[in-house]
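J.: Contents of final.txt (compact mmCIF, C-alpha atoms and all ligand atoms) are given next:
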```txt
# COMPACT_ATOMS: atom_id res chain seq x y z
CA MET A 1 0.00 0.00 0.00
CA SER A 2 1.59 3.27 -1.10
CA GLU A 3 1.85 6.23 1.24
CA LYS A 4 -0.25 8.50 -0.97
CA ILE A 5 -3.35 6.40 -1.63
CA ARG A 6 -6.69 8.23 -1.63
CA ILE A 7 -8.42 7.85 1.70
CA GLY A 8 -12.15 8.18 2.22
CA THR A 9 -13.79 9.43 5.40
CA VAL A 10 -17.48 9.48 6.34
CA GLY A 11 -18.91 12.04 8.76
CA LEU A 12 -17.62 15.57 9.28
CA GLY A 13 -18.58 16.12 12.91
CA LEU A 14 -16.15 16.70 15.76
CA MET A 15 -13.98 13.66 15.09
CA GLY A 16 -14.54 13.31 11.34
CA SER A 17 -13.03 16.77 10.87
CA SER A 18 -9.92 16.11 12.93
CA ILE A 19 -9.47 12.66 11.34
CA ALA A 20 -9.63 14.21 7.84
CA THR A 21 -7.08 16.83 9.01
CA CYS A 22 -4.66 14.15 10.22
CA ILE A 23 -4.81 12.24 6.94
CA LEU A 24 -4.49 15.40 4.80
CA ALA A 25 -1.50 16.46 6.91
CA ALA A 26 0.16 13.13 6.03
CA GLY A 27 -0.11 14.04 2.33
CA HIS A 28 -3.12 11.98 1.14
CA GLU A 29 -5.99 13.03 -1.08
CA VAL A 30 -9.10 12.75 1.10
CA THR A 31 -12.70 12.31 -0.04
CA SER A 32 -15.08 13.11 2.83
CA LEU A 33 -18.66 11.90 2.58
CA THR A 34 -21.25 13.95 4.43
CA LYS A 35 -24.99 13.47 4.55
CA ASP A 36 -25.49 17.23 4.70
CA ILE A 37 -23.59 19.04 1.93
CA GLY A 38 -24.72 22.33 3.52
CA VAL A 39 -21.99 21.86 6.18
CA ALA A 40 -19.22 21.48 3.60
CA GLY A 41 -18.05 25.12 3.69
CA GLU A 42 -17.97 25.22 7.48
CA ALA A 43 -16.14 21.86 7.67
CA ARG A 44 -13.55 22.95 5.10
CA GLU A 45 -12.92 26.12 7.11
CA ARG A 46 -12.58 24.14 10.36
CA ILE A 47 -10.12 21.69 8.78
CA SER A 48 -8.18 24.55 7.19
CA GLY A 49 -7.89 26.14 10.66
CA PHE A 50 -6.58 22.86 12.13
CA LEU A 51 -3.98 22.62 9.34
CA THR A 52 -2.84 26.19 10.03
CA GLN A 53 -2.40 25.30 13.71
CA LEU A 54 -0.37 22.21 12.76
CA GLU A 55 1.86 24.41 10.57
CA GLU A 56 2.36 26.90 13.42
CA GLU A 57 3.46 23.98 15.60
CA GLY A 58 6.00 22.92 12.95
CA LEU A 59 4.16 19.66 12.23
CA LEU A 60 3.48 20.06 8.48
CA LYS A 61 5.71 19.27 5.51
CA GLU A 62 3.54 21.21 3.03
CA ALA A 63 1.60 24.48 3.20
CA PRO A 64 -2.00 24.26 4.53
CA ALA A 65 -3.29 25.87 1.29
CA GLU A 66 -1.72 23.03 -0.71
CA LEU A 67 -3.10 20.32 1.62
CA ILE A 68 -6.66 21.66 1.77
CA ARG A 69 -6.84 21.50 -2.04
CA ARG A 70 -6.64 17.70 -1.67
CA LEU A 71 -9.87 17.60 0.37
CA HIS A 72 -13.00 16.71 -1.60
CA ILE A 73 -16.25 16.97 0.35
CA THR A 74 -19.25 15.23 -1.22
CA ASP A 75 -22.67 13.76 -0.47
CA ASP A 76 -22.30 11.26 -3.33
CA ILE A 77 -21.17 7.86 -2.02
CA ASN A 78 -20.18 6.79 -5.55
CA LEU A 79 -17.18 9.12 -5.31
CA LEU A 80 -15.69 6.74 -2.72
CA ALA A 81 -15.32 3.99 -5.33
CA ALA A 82 -11.65 3.11 -5.99
CA HIS A 83 -10.63 4.21 -2.48
CA GLU A 84 -8.57 1.54 -0.69
CA VAL A 85 -9.41 2.73 2.81
CA VAL A 86 -12.58 4.41 4.11
CA ILE A 87 -12.82 5.56 7.72
CA GLU A 88 -16.29 6.02 9.16
CA SER A 89 -16.83 8.48 12.00
CA ILE A 90 -20.59 9.01 12.04
CA THR A 91 -23.00 9.06 14.99
CA GLU A 92 -22.52 6.20 17.52
CA ASP A 93 -25.55 4.17 16.39
CA VAL A 94 -25.26 0.50 15.38
CA GLU A 95 -28.06 0.58 12.82
CA GLU A 96 -26.86 3.85 11.20
CA LYS A 97 -23.34 2.51 10.92
CA LYS A 98 -24.48 -0.86 9.49
CA LYS A 99 -26.72 0.87 6.95
CA LEU A 100 -23.74 2.92 5.80
CA TYR A 101 -21.47 -0.16 5.46
CA HIS A 102 -24.08 -1.86 3.25
CA GLU A 103 -24.11 1.22 1.02
CA LEU A 104 -20.31 1.34 1.00
CA GLU A 105 -20.12 -2.33 -0.01
CA LYS A 106 -22.04 -1.48 -3.18
CA VAL A 107 -19.33 0.93 -4.35
CA LEU A 108 -16.05 -0.30 -2.82
CA SER A 109 -13.89 -3.14 -4.10
CA PRO A 110 -14.06 -6.29 -1.88
CA ALA A 111 -10.49 -5.67 -0.71
CA ALA A 112 -11.04 -2.04 0.33
CA ILE A 113 -10.74 -1.58 4.09
CA ILE A 114 -13.61 -0.05 6.06
CA GLY A 115 -12.57 1.32 9.45
CA SER A 116 -15.01 2.39 12.15
CA ASN A 117 -14.17 5.02 14.74
CA THR A 118 -16.77 3.55 17.09
CA SER A 119 -15.99 4.28 20.74
CA ALA A 120 -17.41 1.11 22.16
CA ILE A 121 -19.56 -0.95 19.75
CA PRO A 122 -17.90 -4.37 19.34
CA VAL A 123 -16.53 -4.65 15.80
CA SER A 124 -18.02 -8.17 15.53
CA ILE A 125 -21.51 -6.66 15.88
CA LEU A 126 -20.78 -4.15 13.10
CA GLN A 127 -19.56 -7.00 10.86
CA GLN A 128 -22.83 -8.94 11.06
CA GLY A 129 -24.61 -9.19 7.71
CA LEU A 130 -21.78 -7.72 5.62
CA LYS A 131 -20.81 -9.35 2.35
CA TYR A 132 -17.07 -8.98 3.04
CA PRO A 133 -16.86 -8.68 6.84
CA GLU A 134 -13.14 -9.54 6.86
CA ARG A 135 -12.28 -5.99 5.71
CA LEU A 136 -14.13 -4.23 8.51
CA LEU A 137 -11.95 -3.08 11.41
CA GLY A 138 -12.21 -0.75 14.35
CA ILE A 139 -9.92 2.25 13.83
CA HIS A 140 -10.31 4.12 17.07
CA TRP A 141 -8.93 7.67 17.33
CA ALA A 142 -8.73 10.07 20.25
CA GLU A 143 -9.74 13.70 20.10
CA PRO A 144 -8.09 15.94 18.88
CA ALA A 145 -7.32 13.27 16.26
CA HIS A 146 -4.88 15.46 14.31
CA ILE A 147 -2.71 15.99 17.41
CA THR A 148 -2.81 12.86 19.60
CA ARG A 149 -0.58 9.91 18.79
CA PHE A 150 -3.26 7.44 19.99
CA MET A 151 -4.87 4.84 17.78
CA GLU A 152 -6.36 1.40 18.43
CA VAL A 153 -6.77 -0.93 15.44
CA ILE A 154 -9.30 -3.62 16.36
CA CYS A 155 -10.09 -6.94 14.69
CA GLY A 156 -13.64 -8.24 14.96
CA LYS A 157 -14.40 -11.98 14.96
CA THR A 158 -14.12 -12.21 11.18
CA SER A 159 -11.55 -9.47 10.44
CA ASP A 160 -8.48 -10.45 8.45
CA LEU A 161 -5.33 -9.63 10.46
CA PHE A 162 -3.62 -8.75 7.18
CA TYR A 163 -5.88 -5.68 6.80
CA ALA A 164 -5.29 -4.64 10.40
CA GLN A 165 -1.55 -4.81 9.88
CA LYS A 166 -1.87 -2.64 6.75
CA ILE A 167 -3.66 0.01 8.82
CA VAL A 168 -1.00 -0.15 11.53
CA ILE A 169 1.68 0.61 8.90
CA LEU A 170 -0.38 3.46 7.43
CA ALA A 171 -1.13 4.88 10.88
CA GLU A 172 2.57 5.06 11.67
CA GLN A 173 2.96 7.22 8.55
CA TRP A 174 0.18 9.43 9.94
CA GLY A 175 2.24 10.10 13.08
CA LYS A 176 0.30 7.65 15.26
CA GLU A 177 1.64 5.08 17.71
CA PRO A 178 -1.05 2.43 17.14
CA SER A 179 -2.00 -0.52 19.36
CA LEU A 180 -3.38 -3.64 17.66
CA LEU A 181 -6.22 -5.59 19.28
CA ARG A 182 -6.29 -9.03 17.70
CA LYS A 183 -9.57 -9.91 19.48
CA ASP A 184 -12.67 -7.80 19.81
CA ILE A 185 -13.84 -6.58 23.22
CA ARG A 186 -16.40 -3.85 24.01
CA GLY A 187 -14.62 -0.57 24.83
CA PHE A 188 -11.27 -1.83 23.50
CA ILE A 189 -8.30 -0.88 25.74
CA THR A 190 -8.50 2.75 26.78
CA ASN A 191 -12.27 3.03 27.09
CA ARG A 192 -12.45 -0.05 29.33
CA ILE A 193 -9.84 1.45 31.63
CA MET A 194 -11.13 5.03 31.41
CA TYR A 195 -14.71 4.00 32.23
CA ALA A 196 -13.53 1.88 35.16
CA MET A 197 -11.80 5.01 36.42
CA MET A 198 -14.91 7.15 35.83
CA ARG A 199 -17.12 4.69 37.73
CA GLU A 200 -14.85 4.94 40.75
CA ALA A 201 -14.66 8.74 40.39
CA PHE A 202 -18.49 8.96 40.57
CA ASN A 203 -18.51 6.51 43.47
CA LEU A 204 -16.19 8.78 45.50
CA VAL A 205 -18.23 11.90 44.68
CA GLU A 206 -21.71 10.42 45.12
CA LYS A 207 -20.82 8.79 48.45
CA GLY A 208 -19.43 12.10 49.71
CA TYR A 209 -15.74 11.12 50.06
CA ALA A 210 -14.52 13.94 47.81
CA THR A 211 -15.76 16.69 45.55
CA VAL A 212 -15.57 16.71 41.74
CA GLU A 213 -12.74 19.28 42.06
CA ASP A 214 -10.78 17.14 44.51
CA VAL A 215 -11.08 13.99 42.38
CA ASP A 216 -9.92 15.90 39.29
CA ARG A 217 -7.04 17.52 41.19
CA SER A 218 -5.75 14.20 42.56
CA LEU A 219 -5.83 12.47 39.20
CA ARG A 220 -4.19 15.35 37.34
CA ASN A 221 -1.31 15.41 39.79
CA ASP A 222 -0.83 11.66 40.15
CA LEU A 223 -1.91 9.73 37.02
CA GLY A 224 -1.52 12.89 34.94
CA TYR A 225 2.08 13.18 36.06
CA TRP A 226 3.29 9.83 34.72
CA ILE A 227 0.77 8.33 32.33
CA THR A 228 2.09 9.96 29.15
CA PHE A 229 5.53 8.61 30.03
CA ALA A 230 4.63 5.10 31.15
CA GLY A 231 1.56 2.85 31.03
CA PRO A 232 0.46 1.01 34.21
CA PHE A 233 2.77 -1.96 33.69
CA ARG A 234 5.91 0.13 33.09
CA PHE A 235 4.90 2.30 36.05
CA MET A 236 4.74 -0.74 38.35
CA ASP A 237 8.20 -1.77 37.09
CA LEU A 238 9.49 1.71 37.85
CA THR A 239 8.03 1.95 41.32
CA GLY A 240 8.25 -1.61 42.67
CA ILE A 241 5.86 -4.44 41.91
CA PRO A 242 5.23 -6.20 45.29
CA ALA A 243 3.59 -3.20 46.99
CA TYR A 244 0.94 -3.14 44.26
CA LEU A 245 0.04 -6.76 44.93
CA THR A 246 -0.43 -6.04 48.61
CA VAL A 247 -2.72 -3.09 47.82
CA MET A 248 -4.67 -5.12 45.23
CA ARG A 249 -5.48 -7.79 47.83
CA ASP A 250 -7.11 -5.23 50.13
CA LEU A 251 -8.48 -2.71 47.64
CA PHE A 252 -10.01 -4.77 44.82
CA PRO A 253 -12.89 -6.05 46.99
CA GLU A 254 -13.75 -2.45 47.94
CA LEU A 255 -13.77 -0.87 44.46
CA ASP A 256 -17.11 0.04 42.99
CA ASN A 257 -18.48 -2.55 40.56
CA THR A 258 -22.00 -1.28 39.97
CA SER A 259 -23.50 -1.67 36.50
CA LYS A 260 -25.84 1.30 37.16
CA THR A 261 -25.08 4.62 35.47
CA PRO A 262 -24.28 7.43 37.96
CA ALA A 263 -27.28 9.45 39.21
CA LEU A 264 -25.26 12.68 38.97
CA MET A 265 -24.57 12.01 35.30
CA GLU A 266 -28.23 11.12 34.56
CA LYS A 267 -29.32 14.38 36.21
CA LEU A 268 -26.87 16.60 34.29
CA VAL A 269 -27.73 15.05 30.94
CA ALA A 270 -31.48 15.32 31.64
CA GLU A 271 -30.92 19.04 32.34
CA GLY A 272 -29.27 19.45 28.93
CA ALA A 273 -25.60 19.66 29.97
CA LYS A 274 -23.20 18.77 27.15
CA GLY A 275 -19.96 20.15 28.59
CA VAL A 276 -17.93 23.06 27.28
CA SER A 277 -19.68 22.83 23.89
CA ASN A 278 -22.80 24.37 25.49
CA ALA A 279 -21.09 25.82 28.57
CA ARG A 280 -22.96 23.47 30.95
CA GLY A 281 -21.12 20.73 32.76
CA PHE A 282 -19.78 19.45 36.07
CA TYR A 283 -18.24 22.89 36.54
CA PRO A 284 -19.91 26.28 35.98
CA TYR A 285 -18.94 28.07 32.75
CA THR A 286 -19.70 31.26 30.94
CA PRO A 287 -19.46 31.06 27.12
CA GLU A 288 -16.08 32.84 27.45
CA THR A 289 -14.60 30.50 30.06
CA ALA A 290 -15.88 27.48 28.11
CA GLU A 291 -14.08 28.75 25.00
CA HIS A 292 -10.96 29.41 27.05
CA TRP A 293 -10.98 25.78 28.30
CA GLU A 294 -11.36 24.48 24.74
CA LYS A 295 -8.46 26.60 23.46
CA THR A 296 -6.24 25.76 26.41
CA PHE A 297 -6.90 22.04 25.88
CA ILE A 298 -5.64 22.32 22.27
CA GLU A 299 -2.54 24.22 23.46
CA PHE A 300 -1.91 21.52 26.08
CA SER A 301 -2.43 18.75 23.47
CA TYR A 302 0.42 20.15 21.35
CA ASP A 303 2.69 20.51 24.40
CA ILE A 304 2.06 16.99 25.69
CA ARG A 305 2.61 15.57 22.20
CA LYS A 306 6.02 17.28 22.08
CA LEU A 307 6.89 16.00 25.54
CA ALA A 308 5.81 12.45 24.62
CA GLU A 309 7.87 12.54 21.42
CA LYS A 310 10.92 13.86 23.26
CA TYR A 311 10.83 11.03 25.79
CA SER A 312 9.91 8.26 23.35
CA LYS A 313 13.09 9.18 21.41
CA LYS A 314 15.16 8.84 24.59
CA ILE A 315 13.96 5.30 25.30
N1 LIG B 1 -15.97 12.65 20.38
C1 LIG B 1 -14.97 11.88 20.77
O1 LIG B 1 -14.11 12.27 21.56
C2 LIG B 1 -14.84 10.49 20.19
C3 LIG B 1 -13.69 9.72 20.49
C4 LIG B 1 -13.54 8.47 19.91
C5 LIG B 1 -14.51 7.96 19.06
N2 LIG B 1 -15.65 8.70 18.80
C6 LIG B 1 -16.66 8.13 17.89
O2 LIG B 1 -16.59 8.82 16.65
C7 LIG B 1 -17.88 8.81 16.04
C8 LIG B 1 -18.29 10.25 15.74
O3 LIG B 1 -18.27 11.00 16.92
P1 LIG B 1 -18.28 12.59 16.93
O4 LIG B 1 -17.94 12.99 18.33
O5 LIG B 1 -17.47 13.12 15.81
O6 LIG B 1 -19.84 12.87 16.66
P2 LIG B 1 -20.53 14.12 15.96
O7 LIG B 1 -21.94 14.07 16.36
O8 LIG B 1 -19.73 15.37 16.20
O9 LIG B 1 -20.40 13.79 14.39
C9 LIG B 1 -21.11 12.79 13.74
C10 LIG B 1 -21.37 13.30 12.33
O10 LIG B 1 -21.80 12.22 11.51
C11 LIG B 1 -22.78 12.73 10.61
N3 LIG B 1 -23.54 11.59 10.08
C12 LIG B 1 -24.46 10.82 10.71
N4 LIG B 1 -24.89 9.84 9.87
C13 LIG B 1 -24.19 10.00 8.70
C14 LIG B 1 -24.18 9.30 7.47
N5 LIG B 1 -24.96 8.23 7.26
N6 LIG B 1 -23.34 9.72 6.49
C15 LIG B 1 -22.53 10.79 6.69
N7 LIG B 1 -22.50 11.51 7.83
C16 LIG B 1 -23.32 11.11 8.84
C17 LIG B 1 -23.59 13.71 11.47
O11 LIG B 1 -24.30 14.61 10.65
C18 LIG B 1 -22.48 14.38 12.27
O12 LIG B 1 -21.96 15.50 11.59
C19 LIG B 1 -18.82 8.09 17.01
O13 LIG B 1 -18.89 6.72 16.64
C20 LIG B 1 -18.10 8.26 18.34
O14 LIG B 1 -18.45 7.26 19.28
C21 LIG B 1 -15.82 9.97 19.34
```
I'd like the structure from this file rewritten - as structure tokens, please.
T.:
Amino acid sequence: MSEKIRIGTVGLGLMGSSIATCILAAGHEVTSLTKDIGVAGEARERISGFLTQLEEEGLLKEAPAELIRRLHITDDINLLAAHEVVIESITEDVEEKKKLYHELEKVLSPAAIIGSNTSAIPVSILQQGLKYPERLLGIHWAEPAHITRFMEVICGKTSDLFYAQKIVILAEQWGKEPSLLRKDIRGFITNRIMYAMMREAFNLVEKGYATVEDVDRSLRNDLGYWITFAGPFRFMDLTGIPAYLTVMRDLFPELDNTSKTPALMEKLVAEGAKGVSNARGFYPYTPETAEHWEKTFIEFSYDIRKLAEKYSKKI
């Protein structure tokens, strides 16, 4: 697979836009399928802005104006024919995603890879009923997808490992540090671990042990301090394994294992809170402070990427 193959994307929402940016930045022609062509101008502008930021951070080999010319936004699925890889990042809805794959199968060659950016739908479920299920993979990105080095490539029950390995090679050319999951599991790696952490965070808050602010502060200054440098296993190596076993014996039985969703979360969502995108969340925001948090998060994402690259070169 050559470095400059045409890549297709589907969906131009939050993640679809940053995914298209990442692939354009790596030098590919990108055809982005949207169901609403009315958003094309806005999406092109957003992606152009992301490319300009990448240039300012010294992360582009070509000028943003040159790269954005290689983006083709369309609502005609037939224009994805002859693409070797199509990455779907539409709404997290099994039936919507499956409907799209059936449509894609009508235009793509049987060997074209379809990747889904699903957060937590098992790939094996998405493969059901497809004519060529072996070419469907999970290709899981993290936001902002044009900055983070994260990617999980996931095989469903009937995925061909050969296709997954092709994506791993491509992803490395896109500046990612991909992990390959040879077997499908709901939530993959990071979401399983992140949601286990969130469940315990709600447990501490809802039972009155600590406030939202205190939980956030502790995690930022402990996990946040080392987790970009070392995963949990390397961290145990660095800090001494036996003590962790002792703690596990006492602590595991006490950790929250409820399958109920947190009441606090249910309440906020019922009240319409979306987070900084509508300035309503766990913390109070004004539109200005919400925008400030969004901007600062992008600034931090570039800084942490640089720090991660610096230290991965040293190891
Ligand atoms: N937001 C995140 O941080 C994040 C992280 C990892 C994975 N994901 C996953 O990525 C996917 C997209 O998430 P998002 O946050 O970008 O959502 P989003 O709501 O911002 O974007 C989804 C977009 O898909 C479009 N769409 C829906 N059906 C379509 C169709 N049939 N054809 C073309 N476009 C269609 C919608 O109009 C919308 O613009 C979801 O599966 C989500 O679980 C999101």
J.: Return as a PyMOL selection string the residues of protein, DNA or RNA that approach ligand LIG 1 (chain B) to within 8 Å, with all atoms listed in the file taken into account.
T.: chain A and resi 10-17+33-36+75+88-93+96-97+99-100+116-120+140-144
J.: Grab the atom CA of A:Ser259 to atom CA of A:Asn221 distance for me, in Å with one decimal place.
T.: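 Answer for the atom CA of A:Ser259 to atom CA of A:Asn221 separation: 28.2 Å.
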J.: In terms of the shortest atom-to-atom distance over all atoms listed in the file, which of A:Arg70, A:Ser109, A:Gly58, A:Val30 is closest to A:Ile87?
T.: A:Val30
J.: Which residues are close to A:Pro110, i.e. within 7 Å by all atoms listed in the file, leaving aside same-chain residues fewer than 2 positions away? Reply as an NGL selection string.
T.: :A and (108 or 112 or 132)
J.: If I take atom CA of A:Met151 and atom CA of A:Lys176, how far is one from the other in Å, to one decimal?
T.: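 We find that atom CA of A:Met151 and atom CA of A:Lys176 lie 6.4 Å from each other.
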J.: I'd like the interatomic distance between atom CA of A:Leu219 and atom CA of A:Glu254, to a tenth of an Å.
T.: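 Distance between the two atoms: 19.0 Å.
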J.: Would you please work out which residue, of A:Val94, A:Ala40, A:Glu103, A:Gly156, is nearest to A:Thr74 when using all atoms listed in the file?
T.: A:Ala40
J.: Find the residues around A:Leu80 up to 8 Å (all atoms listed in the file counted), leave out those fewer than 2 positions away in its own chain, and share them as a list in words.
T.: Gly8, Thr31, Leu33, Ile77, Asn78, Ala82, His83, Val86, Val107 and Leu108 of chain A
J.: Counting only C-alpha atoms, what are the residues of stretch 81-164 of chain A within 12 Å of stretch 226-232 of chain A, and for each of them which pair of atoms is the nearest and at what distance in Å, to one decimal? Sort the table by chain and rising number, as CSV.
T.:
```
residue,atom,partner,partner_atom,distance
A:Thr148,CA,A:Thr228,CA,11.1
A:Arg149,CA,A:Thr228,CA,10.7
A:Phe150,CA,A:Thr228,CA,10.9
```
J.: Just write the chosen residues, C-alpha atoms, as a PDB file, in the frame of the given file.
T.:
```pdb
ATOM      1  CA  THR A 148      -2.810  12.860  19.600  1.00  0.00           C
ATOM      2  CA  ARG A 149      -0.580   9.910  18.790  1.00  0.00           C
ATOM      3  CA  PHE A 150      -3.260   7.440  19.990  1.00  0.00           C
TER       4      PHE A 150
END
```
J.: Please tell me which residues are no farther than 12 Å from (-15.3, 5.1, 45.5) in the file, counting all atoms listed in the file, and write them as a list in words.
T.: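 Looking at atoms near the point gives Ala196, Met197, Met198, Arg199, Glu200, Ala201, Phe202, Asn203, Leu204, Val205, Glu206, Lys207, Gly208, Tyr209, Ala210, Thr211, Val215, Leu251, Phe252, Pro253, Glu254, Leu255, Asp256, Asn257, Thr258 and Pro262 of chain A.
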J.: Which polymer residues have any atom within 12 Å of an atom of A:Gly275, counting all atoms listed in the file, with same-chain residues fewer than 5 positions away left out, as a PDB file with C-alpha atoms, in the coordinates of the input?
T.:
```pdb
ATOM      1  CA  MET A 265     -24.570  12.010  35.300  1.00  0.00           C
ATOM      2  CA  LEU A 268     -26.870  16.600  34.290  1.00  0.00           C
ATOM      3  CA  VAL A 269     -27.730  15.050  30.940  1.00  0.00           C
ATOM      4  CA  ARG A 280     -22.960  23.470  30.950  1.00  0.00           C
ATOM      5  CA  GLY A 281     -21.120  20.730  32.760  1.00  0.00           C
ATOM      6  CA  PHE A 282     -19.780  19.450  36.070  1.00  0.00           C
ATOM      7  CA  TYR A 283     -18.240  22.890  36.540  1.00  0.00           C
ATOM      8  CA  PRO A 284     -19.910  26.280  35.980  1.00  0.00           C
ATOM      9  CA  TYR A 285     -18.940  28.070  32.750  1.00  0.00           C
ATOM     10  CA  THR A 286     -19.700  31.260  30.940  1.00  0.00           C
ATOM     11  CA  PRO A 287     -19.460  31.060  27.120  1.00  0.00           C
ATOM     12  CA  THR A 289     -14.600  30.500  30.060  1.00  0.00           C
ATOM     13  CA  ALA A 290     -15.880  27.480  28.110  1.00  0.00           C
ATOM     14  CA  GLU A 291     -14.080  28.750  25.000  1.00  0.00           C
ATOM     15  CA  TRP A 293     -10.980  25.780  28.300  1.00  0.00           C
ATOM     16  CA  GLU A 294     -11.360  24.480  24.740  1.00  0.00           C
TER      17      GLU A 294
END
```
J.: Which residues, written as an mmCIF file with C-alpha atoms, keeping the file's coordinate frame, have at least one atom at most 12 Å from A:Arg186, with all atoms listed in the file counted and residues fewer than 2 positions away on the same chain left out?
T.:
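That gives us out.cif:
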```
data_model
loop_
_atom_site.group_PDB
_atom_site.id
_atom_site.type_symbol
_atom_site.label_atom_id
_atom_site.label_comp_id
_atom_site.auth_asym_id
_atom_site.auth_seq_id
_atom_site.Cartn_x
_atom_site.Cartn_y
_atom_site.Cartn_z
ATOM 1 C CA THR A 118 -16.770 3.550 17.090
ATOM 2 C CA SER A 119 -15.990 4.280 20.740
ATOM 3 C CA ALA A 120 -17.410 1.110 22.160
ATOM 4 C CA ILE A 121 -19.560 -0.950 19.750
ATOM 5 C CA PRO A 122 -17.900 -4.370 19.340
ATOM 6 C CA VAL A 123 -16.530 -4.650 15.800
ATOM 7 C CA SER A 124 -18.020 -8.170 15.530
ATOM 8 C CA ILE A 125 -21.510 -6.660 15.880
ATOM 9 C CA LEU A 126 -20.780 -4.150 13.100
ATOM 10 C CA GLY A 138 -12.210 -0.750 14.350
ATOM 11 C CA ILE A 154 -9.300 -3.620 16.360
ATOM 12 C CA CYS A 155 -10.090 -6.940 14.690
ATOM 13 C CA GLY A 156 -13.640 -8.240 14.960
ATOM 14 C CA LEU A 181 -6.220 -5.590 19.280
ATOM 15 C CA LYS A 183 -9.570 -9.910 19.480
ATOM 16 C CA ASP A 184 -12.670 -7.800 19.810
ATOM 17 C CA PHE A 188 -11.270 -1.830 23.500
ATOM 18 C CA ILE A 189 -8.300 -0.880 25.740
ATOM 19 C CA THR A 190 -8.500 2.750 26.780
ATOM 20 C CA ASN A 191 -12.270 3.030 27.090
ATOM 21 C CA ARG A 192 -12.450 -0.050 29.330
ATOM 22 C CA ILE A 193 -9.840 1.450 31.630
ATOM 23 C CA TYR A 195 -14.710 4.000 32.230
#
```
J.: A:Ala273, A:Leu54, A:Leu60, A:Ile114: which is nearest A:Ser159, counting only C-alpha atoms?
T.: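 Between A:Ala273, A:Leu54, A:Leu60, A:Ile114, the residue approaching A:Ser159 most closely is A:Ile114.
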J.: Generate N, CA and C atoms for stretch 262-273 of chain A and emit them as a PDB file, in the coordinates of the input.
T.:
```
ATOM      1  N   PRO A 262     -24.259   6.534  36.798  1.00  0.00           N
ATOM      2  CA  PRO A 262     -24.280   7.430  37.960  1.00  0.00           C
ATOM      3  C   PRO A 262     -25.471   8.405  37.947  1.00  0.00           C
ATOM      4  N   ALA A 263     -26.107   8.560  39.101  1.00  0.00           N
ATOM      5  CA  ALA A 263     -27.280   9.450  39.210  1.00  0.00           C
ATOM      6  C   ALA A 263     -26.910  10.883  38.849  1.00  0.00           C
ATOM      7  N   LEU A 264     -25.708  11.304  39.255  1.00  0.00           N
ATOM      8  CA  LEU A 264     -25.260  12.680  38.970  1.00  0.00           C
ATOM      9  C   LEU A 264     -25.188  12.928  37.463  1.00  0.00           C
ATOM     10  N   MET A 265     -24.705  11.925  36.760  1.00  0.00           N
ATOM     11  CA  MET A 265     -24.570  12.010  35.300  1.00  0.00           C
ATOM     12  C   MET A 265     -25.955  12.049  34.638  1.00  0.00           C
ATOM     13  N   GLU A 266     -26.855  11.176  35.114  1.00  0.00           N
ATOM     14  CA  GLU A 266     -28.230  11.120  34.560  1.00  0.00           C
ATOM     15  C   GLU A 266     -28.883  12.490  34.716  1.00  0.00           C
ATOM     16  N   LYS A 267     -28.686  13.091  35.906  1.00  0.00           N
ATOM     17  CA  LYS A 267     -29.320  14.380  36.210  1.00  0.00           C
ATOM     18  C   LYS A 267     -28.793  15.476  35.265  1.00  0.00           C
ATOM     19  N   LEU A 268     -27.468  15.550  35.145  1.00  0.00           N
ATOM     20  CA  LEU A 268     -26.870  16.600  34.290  1.00  0.00           C
ATOM     21  C   LEU A 268     -27.334  16.471  32.847  1.00  0.00           C
ATOM     22  N   VAL A 269     -27.349  15.245  32.343  1.00  0.00           N
ATOM     23  CA  VAL A 269     -27.730  15.050  30.940  1.00  0.00           C
ATOM     24  C   VAL A 269     -29.207  15.393  30.752  1.00  0.00           C
ATOM     25  N   ALA A 270     -30.045  14.992  31.725  1.00  0.00           N
ATOM     26  CA  ALA A 270     -31.480  15.320  31.640  1.00  0.00           C
ATOM     27  C   ALA A 270     -31.693  16.834  31.626  1.00  0.00           C
ATOM     28  N   GLU A 271     -30.798  17.575  32.302  1.00  0.00           N
ATOM     29  CA  GLU A 271     -30.920  19.040  32.340  1.00  0.00           C
ATOM     30  C   GLU A 271     -30.330  19.710  31.092  1.00  0.00           C
ATOM     31  N   GLY A 272     -29.775  18.891  30.199  1.00  0.00           N
ATOM     32  CA  GLY A 272     -29.270  19.450  28.930  1.00  0.00           C
ATOM     33  C   GLY A 272     -27.788  19.764  28.909  1.00  0.00           C
ATOM     34  N   ALA A 273     -27.042  19.350  29.955  1.00  0.00           N
ATOM     35  CA  ALA A 273     -25.600  19.660  29.970  1.00  0.00           C
ATOM     36  C   ALA A 273     -24.870  18.833  28.922  1.00  0.00           C
TER      37      ALA A 273
END
```
